[in-house]
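Below is coords-v4.csv, holding CSV, C-alpha atoms.
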```csv
chain,number,residue,atom,x,y,z
A,1208,MET,CA,13.7,64.8,-16.0
A,1209,ARG,CA,10.2,65.9,-14.9
A,1210,THR,CA,8.6,63.8,-17.7
A,1211,TRP,CA,10.4,60.7,-16.4
A,1212,ILE,CA,9.4,61.5,-12.8
A,1213,VAL,CA,5.7,62.0,-13.7
A,1214,LEU,CA,5.8,58.8,-15.8
A,1215,LEU,CA,7.3,56.9,-12.8
A,1216,LEU,CA,4.6,58.2,-10.5
A,1217,LEU,CA,1.9,57.2,-12.9
A,1218,LEU,CA,3.3,53.7,-13.3
A,1219,THR,CA,3.6,53.3,-9.5
A,1220,GLY,CA,0.0,54.5,-9.0
A,1221,TRP,CA,-1.2,52.0,-11.6
A,1222,ALA,CA,0.7,49.2,-10.0
A,1223,LEU,CA,-0.8,50.0,-6.6
A,1224,GLN,CA,-4.3,50.1,-8.1
A,1225,GLU,CA,-3.8,46.7,-9.7
A,1226,ALA,CA,-2.4,45.2,-6.4
A,1227,ASN,CA,-5.4,46.6,-4.5
A,1228,ALA,CA,-7.8,45.2,-7.1
A,1229,ALA,CA,-6.2,41.8,-6.9
A,1230,ALA,CA,-6.4,41.8,-3.2
A,1231,ARG,CA,-10.1,42.4,-3.4
A,1232,LEU,CA,-10.7,39.4,-5.7
A,1233,PRO,CA,-12.5,36.6,-4.0
A,1234,LEU,CA,-10.4,33.5,-3.2
A,1235,ARG,CA,-11.3,30.3,-4.9
A,1236,PRO,CA,-13.7,28.4,-2.6
A,1237,ALA,CA,-12.4,25.2,-1.1
A,1238,SER,CA,-14.6,22.2,-1.9
A,1239,THR,CA,-12.5,19.7,0.0
A,1240,LEU,CA,-12.5,19.4,3.8
A,1241,LEU,CA,-9.5,17.9,5.6
A,1242,LEU,CA,-10.3,16.6,9.1
A,1243,THR,CA,-7.3,15.9,11.2
A,1244,PRO,CA,-6.7,15.0,14.9
A,1245,ALA,CA,-5.5,17.8,17.0
A,1246,ARG,CA,-1.9,16.5,17.0
A,1247,PRO,CA,1.1,18.7,16.0
A,1248,ARG,CA,2.5,16.8,13.1
A,1249,PRO,CA,-0.8,15.9,11.3
A,1250,VAL,CA,-2.1,19.5,11.9
A,1251,GLN,CA,1.1,20.9,10.5
A,1252,LEU,CA,0.8,18.7,7.4
A,1253,ALA,CA,-2.8,19.8,7.0
A,1254,LEU,CA,-1.9,23.4,7.1
A,1255,ASP,CA,0.9,22.9,4.6
A,1256,ALA,CA,-1.5,21.1,2.3
A,1257,ALA,CA,-4.0,24.0,2.7
A,1258,GLN,CA,-1.2,26.3,1.5
A,1259,LEU,CA,-0.7,24.3,-1.6
A,1260,ARG,CA,-4.4,23.5,-2.4
A,1261,ALA,CA,-7.7,25.0,-1.7
A,1262,LEU,CA,-8.7,23.1,1.5
A,1263,LEU,CA,-10.7,23.6,4.6
A,1264,VAL,CA,-9.0,22.3,7.7
A,1265,ILE,CA,-10.9,21.2,10.8
A,1266,THR,CA,-9.2,19.6,13.8
A,1267,TYR,CA,-11.0,17.2,16.2
A,1268,GLU,CA,-10.4,16.1,19.7
A,1269,SER,CA,-12.3,13.1,21.0
A,1270,ALA,CA,-13.4,12.2,24.5
A,1271,ALA,CA,-15.2,9.1,25.7
A,1272,GLN,CA,-17.8,11.0,27.7
A,1273,ALA,CA,-18.4,14.1,25.5
A,1274,GLU,CA,-18.9,15.1,21.9
A,1275,PRO,CA,-15.8,15.9,19.9
A,1276,VAL,CA,-14.2,19.3,20.1
A,1277,LEU,CA,-13.9,20.9,16.7
A,1278,HIS,CA,-11.9,23.9,15.5
A,1279,LEU,CA,-11.9,25.4,12.0
A,1280,ARG,CA,-8.8,27.1,10.6
A,1281,SER,CA,-9.9,30.6,9.6
A,1282,GLY,CA,-7.1,32.7,8.3
A,1283,ALA,CA,-4.4,32.6,11.0
A,1284,ASP,CA,-6.8,31.7,13.8
A,1285,TRP,CA,-8.7,28.7,15.0
A,1286,GLN,CA,-12.5,29.0,15.4
A,1287,TYR,CA,-14.5,26.7,17.6
A,1288,ILE,CA,-17.5,25.0,16.0
A,1289,SER,CA,-20.0,22.8,17.7
A,1290,LEU,CA,-20.9,19.3,16.5
A,1291,ALA,CA,-24.4,20.7,15.7
A,1292,ASP,CA,-22.9,23.4,13.5
A,1293,PHE,CA,-20.7,20.9,11.8
A,1294,ALA,CA,-23.7,18.6,11.1
A,1295,ASP,CA,-25.6,21.5,9.7
A,1296,LYS,CA,-22.6,22.8,7.7
A,1297,THR,CA,-23.0,26.3,9.0
A,1298,PHE,CA,-19.2,26.7,9.1
A,1299,THR,CA,-19.0,27.4,5.3
A,1300,PRO,CA,-21.4,28.4,2.6
A,1301,THR,CA,-19.4,26.4,0.1
A,1302,ALA,CA,-20.6,23.0,-1.1
A,1303,ILE,CA,-18.2,20.4,0.2
A,1304,ARG,CA,-17.5,17.9,-2.6
A,1305,GLN,CA,-15.1,15.6,-0.6
A,1306,VAL,CA,-14.0,15.0,3.0
A,1307,ILE,CA,-10.6,13.6,3.9
A,1308,ILE,CA,-10.4,12.1,7.4
A,1309,ILE,CA,-7.1,11.4,9.0
A,1310,GLY,CA,-7.2,8.8,11.8
A,1311,ASP,CA,-8.3,5.2,12.3
A,1312,GLU,CA,-11.6,3.9,13.6
A,1313,GLU,CA,-10.4,4.1,17.2
A,1314,LEU,CA,-9.3,7.7,16.9
A,1315,VAL,CA,-12.1,9.3,14.8
A,1316,PRO,CA,-15.2,9.8,16.9
A,1317,ALA,CA,-18.2,7.9,15.6
A,1318,ALA,CA,-20.4,11.0,16.2
A,1319,LEU,CA,-18.3,12.9,13.8
A,1320,LEU,CA,-18.6,10.2,11.1
A,1321,HIS,CA,-22.4,10.3,11.5
A,1322,SER,CA,-22.6,14.1,11.2
A,1323,MET,CA,-21.7,14.6,7.5
A,1324,PRO,CA,-25.0,14.1,5.6
A,1325,TRP,CA,-24.0,16.9,3.3
A,1326,CYS,CA,-21.1,15.0,1.7
A,1327,ALA,CA,-21.2,11.6,0.0
A,1328,GLU,CA,-17.5,11.2,-0.8
A,1329,VAL,CA,-15.4,10.4,2.2
A,1330,VAL,CA,-11.7,9.3,2.0
A,1331,ARG,CA,-10.2,7.7,5.1
A,1332,LEU,CA,-6.4,7.9,5.8
A,1333,PRO,CA,-6.0,5.8,8.9
A,1334,SER,CA,-2.2,6.3,9.4
A,1335,LEU,CA,-0.7,9.2,11.4
A,1336,GLN,CA,2.8,8.7,9.9
A,1337,ILE,CA,3.7,11.8,7.9
A,1338,GLY,CA,5.2,9.9,5.0
A,1339,GLU,CA,2.2,7.6,4.6
A,1340,LEU,CA,-0.1,10.6,4.8
A,1341,ILE,CA,1.8,12.5,2.1
A,1342,ASN,CA,1.6,9.4,-0.1
A,1343,GLY,CA,-2.1,8.9,0.7
A,1344,LEU,CA,-3.0,12.5,-0.1
A,1345,ASP,CA,-1.2,12.3,-3.5
A,1346,PRO,CA,-4.0,10.6,-5.4
A,1347,ILE,CA,-6.4,13.3,-4.3
A,1348,LEU,CA,-4.2,16.4,-4.3
A,1349,LYS,CA,-1.8,15.4,-7.1
A,1350,TRP,CA,1.5,16.7,-5.7
A,1351,ARG,CA,3.8,18.3,-8.3
A,1352,SER,CA,7.5,17.4,-8.5
A,1353,ARG,CA,8.6,20.5,-6.6
A,1354,GLU,CA,6.0,20.0,-3.9
A,1355,TRP,CA,7.2,16.4,-3.4
A,1356,GLN,CA,10.7,17.8,-2.8
A,1357,TRP,CA,9.5,20.6,-0.6
A,1358,LEU,CA,7.4,18.2,1.6
A,1359,ALA,CA,10.3,15.7,1.8
A,1360,ASP,CA,12.7,18.4,2.9
A,1361,ARG,CA,10.3,20.0,5.4
A,1362,TYR,CA,9.6,16.7,7.2
A,1363,GLY,CA,13.0,15.2,6.9
A,1364,LEU,CA,11.9,12.4,4.5
A,1365,GLU,CA,13.8,10.5,1.8
A,1366,LEU,CA,12.2,11.0,-1.6
A,1367,THR,CA,12.3,7.9,-3.8
A,1368,ASP,CA,11.3,8.2,-7.5
A,1369,LEU,CA,9.4,5.0,-8.3
A,1370,ASN,CA,9.3,5.8,-12.0
A,1371,ALA,CA,13.0,6.4,-12.4
A,1372,ALA,CA,13.6,2.9,-13.8
A,1373,ARG,CA,10.7,3.2,-16.2
A,1374,ARG,CA,11.9,6.6,-17.5
A,1375,GLY,CA,15.5,5.3,-17.8
A,1376,TYR,CA,14.4,2.3,-20.0
A,1377,ASN,CA,15.2,2.8,-23.7
A,1378,PRO,CA,13.8,0.1,-26.0
A,1379,TYR,CA,16.5,1.0,-28.6
A,1380,ASP,CA,19.2,-0.2,-26.2
A,1381,THR,CA,17.9,-3.8,-26.5
A,1382,PRO,CA,19.7,-5.8,-29.2
A,1383,ARG,CA,17.4,-6.9,-32.0
A,1384,SER,CA,18.3,-10.5,-31.4
A,1385,GLN,CA,16.8,-10.3,-27.9
A,1386,MET,CA,13.5,-8.6,-29.1
A,1387,PRO,CA,10.5,-10.9,-29.6
A,1388,LEU,CA,9.6,-11.7,-33.1
A,1389,GLU,CA,6.4,-10.2,-34.5
A,1390,LYS,CA,3.9,-12.6,-35.9
A,1391,SER,CA,1.8,-11.5,-38.8
A,1392,THR,CA,-1.7,-12.8,-39.2
A,1393,PHE,CA,-3.6,-12.7,-42.5
A,1394,LYS,CA,-7.3,-12.7,-43.1
A,1395,GLN,CA,-8.4,-15.2,-45.7
A,1396,ALA,CA,-11.7,-15.1,-47.5
A,1397,PRO,CA,-13.3,-18.3,-48.6
A,1398,GLY,CA,-11.8,-19.5,-51.9
A,1399,GLU,CA,-8.6,-17.5,-51.5
A,1400,LEU,CA,-5.2,-19.1,-51.5
A,1401,ALA,CA,-3.1,-18.8,-48.3
A,1402,PRO,CA,-0.2,-16.3,-48.5
A,1403,ALA,CA,3.1,-17.7,-49.7
A,1404,GLN,CA,5.7,-18.6,-47.0
A,1405,LEU,CA,9.4,-18.9,-47.2
A,1406,ILE,CA,10.7,-22.1,-45.5
A,1407,GLU,CA,14.4,-22.4,-44.9
A,1408,GLY,CA,15.9,-25.8,-45.9
A,1409,SER,CA,17.9,-27.5,-48.5
A,1410,ALA,CA,16.7,-26.8,-52.0
A,1411,PRO,CA,15.5,-29.9,-54.0
A,1412,PRO,CA,17.9,-31.0,-56.7
A,1413,ALA,CA,17.3,-29.3,-60.0
A,1414,SER,CA,15.7,-31.5,-62.6
A,1415,GLN,CA,17.8,-32.4,-65.6
A,1416,PRO,CA,16.5,-31.0,-68.9
```

Can you give me the file's structure in the form of structure tokens?
Amino acid sequence: MRTWIVLLLLLTGWALQEANAAARLPLRPASTLLLTPARPRPVQLALDAAQLRALLVITYESAAQAEPVLHLRSGADWQYISLADFADKTFTPTAIRQVIIIGDEELVPAALLHSMPWCAEVVRLPSLQIGELINGLDPILKWRSREWQWLADRYGLELTDLNAARRGYNPYDTPRSQMPLEKSTFKQAPGELAPAQLIEGSAPPASQP
């Protein structure tokens, strides 16, 4: 009995050491920045996307007479960053490969668009509709099947599989009589006879011996 107890304690201690070591491992740096207006639904979608992919999330609020107000999601908190800090990219040491901006030209402050010299690839998603945003993010974030279903359930959307008909098509279900005939082509070198062909028709009368 004591042997089993000691073994159990050793295994438990090893598991705790492994868990602590895993907790100390650095997280994969996010090379994509998602800019979203400070509105509840787009912000919630941005945070959900950041749970599924390595993303930095920054919200913006625009005002006609002042520079935009920016907040960076840092852990469970929001951290204010000035437009100058944003333009100098002091908010992260990671190289930003891509910026995704949610909002149309009237909503996104021009000063914000002109403050990203550190990133050449900018993707615009002008709509604020959640369904359109999820579809627009797919070419970039590559949603998996279970993620599509989770997002649809979370936001009360109907999920339509556009590839269902294609997957359901079976070429072996098509009768042979309805399939197009294949045409064979032959390469003929100079001086060669053309390949023989069979032509249906009435056979000529046989000659009498």

* Structure fact -> Between CA of Leu1259 in chain A and CA of Trp1285 in chain A lies a distance of 18.9 Å

* Asked: For Gln1251 in chain A, which of A:Thr1239, A:Leu1344, A:Arg1361, A:Leu1290 is the closest residue, counting all atoms listed in the file?
  ->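 Of the candidates, the smallest distance to Gln1251 in chain A is held by A:Arg1361.
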
* Interatomic distance, CA of Glu1274 in chain A to CA of Asp1295 in chain A (Å, one decimal) ->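 Answer for the CA of Glu1274 in chain A to CA of Asp1295 in chain A separation: 15.3 Å.
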
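Remark: for Arg1248 in chain A, the closest of the candidate residues A:Ala1294, A:Ile1309, A:Val1330, A:Ala1318 is A:Ile1309 (distances computed over all atoms listed in the file).
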
* Between A:Gly1282, A:Gly1363, A:Pro1346, A:Pro1275, which has the minimum distance to Ser1322 in chain A (counting only C-alpha atoms)? ->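 Closest to Ser1322 in chain A of all the choices is A:Pro1275.
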
* Of the candidates A:Ala1261, A:Phe1293, A:Leu1335, A:Gln1286, which one gets nearest to Ile1308 in chain A if we count all atoms listed in the file? -> A:Leu1335

* Would you list the contacts of range 1267-1269 of chain A as a PyMOL selection string, taking every protein, DNA or RNA residue within 10 Å and counting only C-alpha atoms, but skipping same-chain residues closer than 5 positions in sequence? => chain A and resi 1242-1246+1274-1279+1313-1319

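Computed from the coordinates, the CA of Val1264 in chain A to CA of Phe1298 in chain A distance equals 11.2 Å.
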
* Which residues, protein or nucleic acid, reach to within 12 Å of (-17.2, 12.8, -9.8) in the file's coordinates when using all atoms listed in the file, and can you give that as a PyMOL selection string? -> chain A and resi 1304-1305+1327-1328

* Asked: Contacts of Trp1357 in chain A at 12 Å or less, counting all atoms listed in the file, minus same-chain residues fewer than 6 places along, as a list of chain:residue names?
  ->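 Selected residues are A:Leu1252, A:Asp1255, A:Ala1256, A:Leu1259, A:Ile1341, A:Trp1350, A:Arg1351, A:Gly1363, A:Leu1364, A:Glu1365, A:Leu1366.
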
* Proximity to Ala1291 in chain A - best of A:Pro1249, A:Val1306, A:Met1323, A:Leu1262, all atoms listed in the file ->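 Ranking A:Pro1249, A:Val1306, A:Met1323, A:Leu1262 by distance to Ala1291 in chain A, first place goes to A:Met1323.
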
Padding 3 Å on each side, edges along x, y and z: where is the centre of the box around the listed atoms of range 1292-1302 of chain A, and how long are its edges in Å to one decimal? Output it as AutoDock Vina command-line options.
```
--center_x -22.3 --center_y 23.5 --center_z 6.2 --size_x 12.6 --size_y 15.8 --size_z 20.6
```
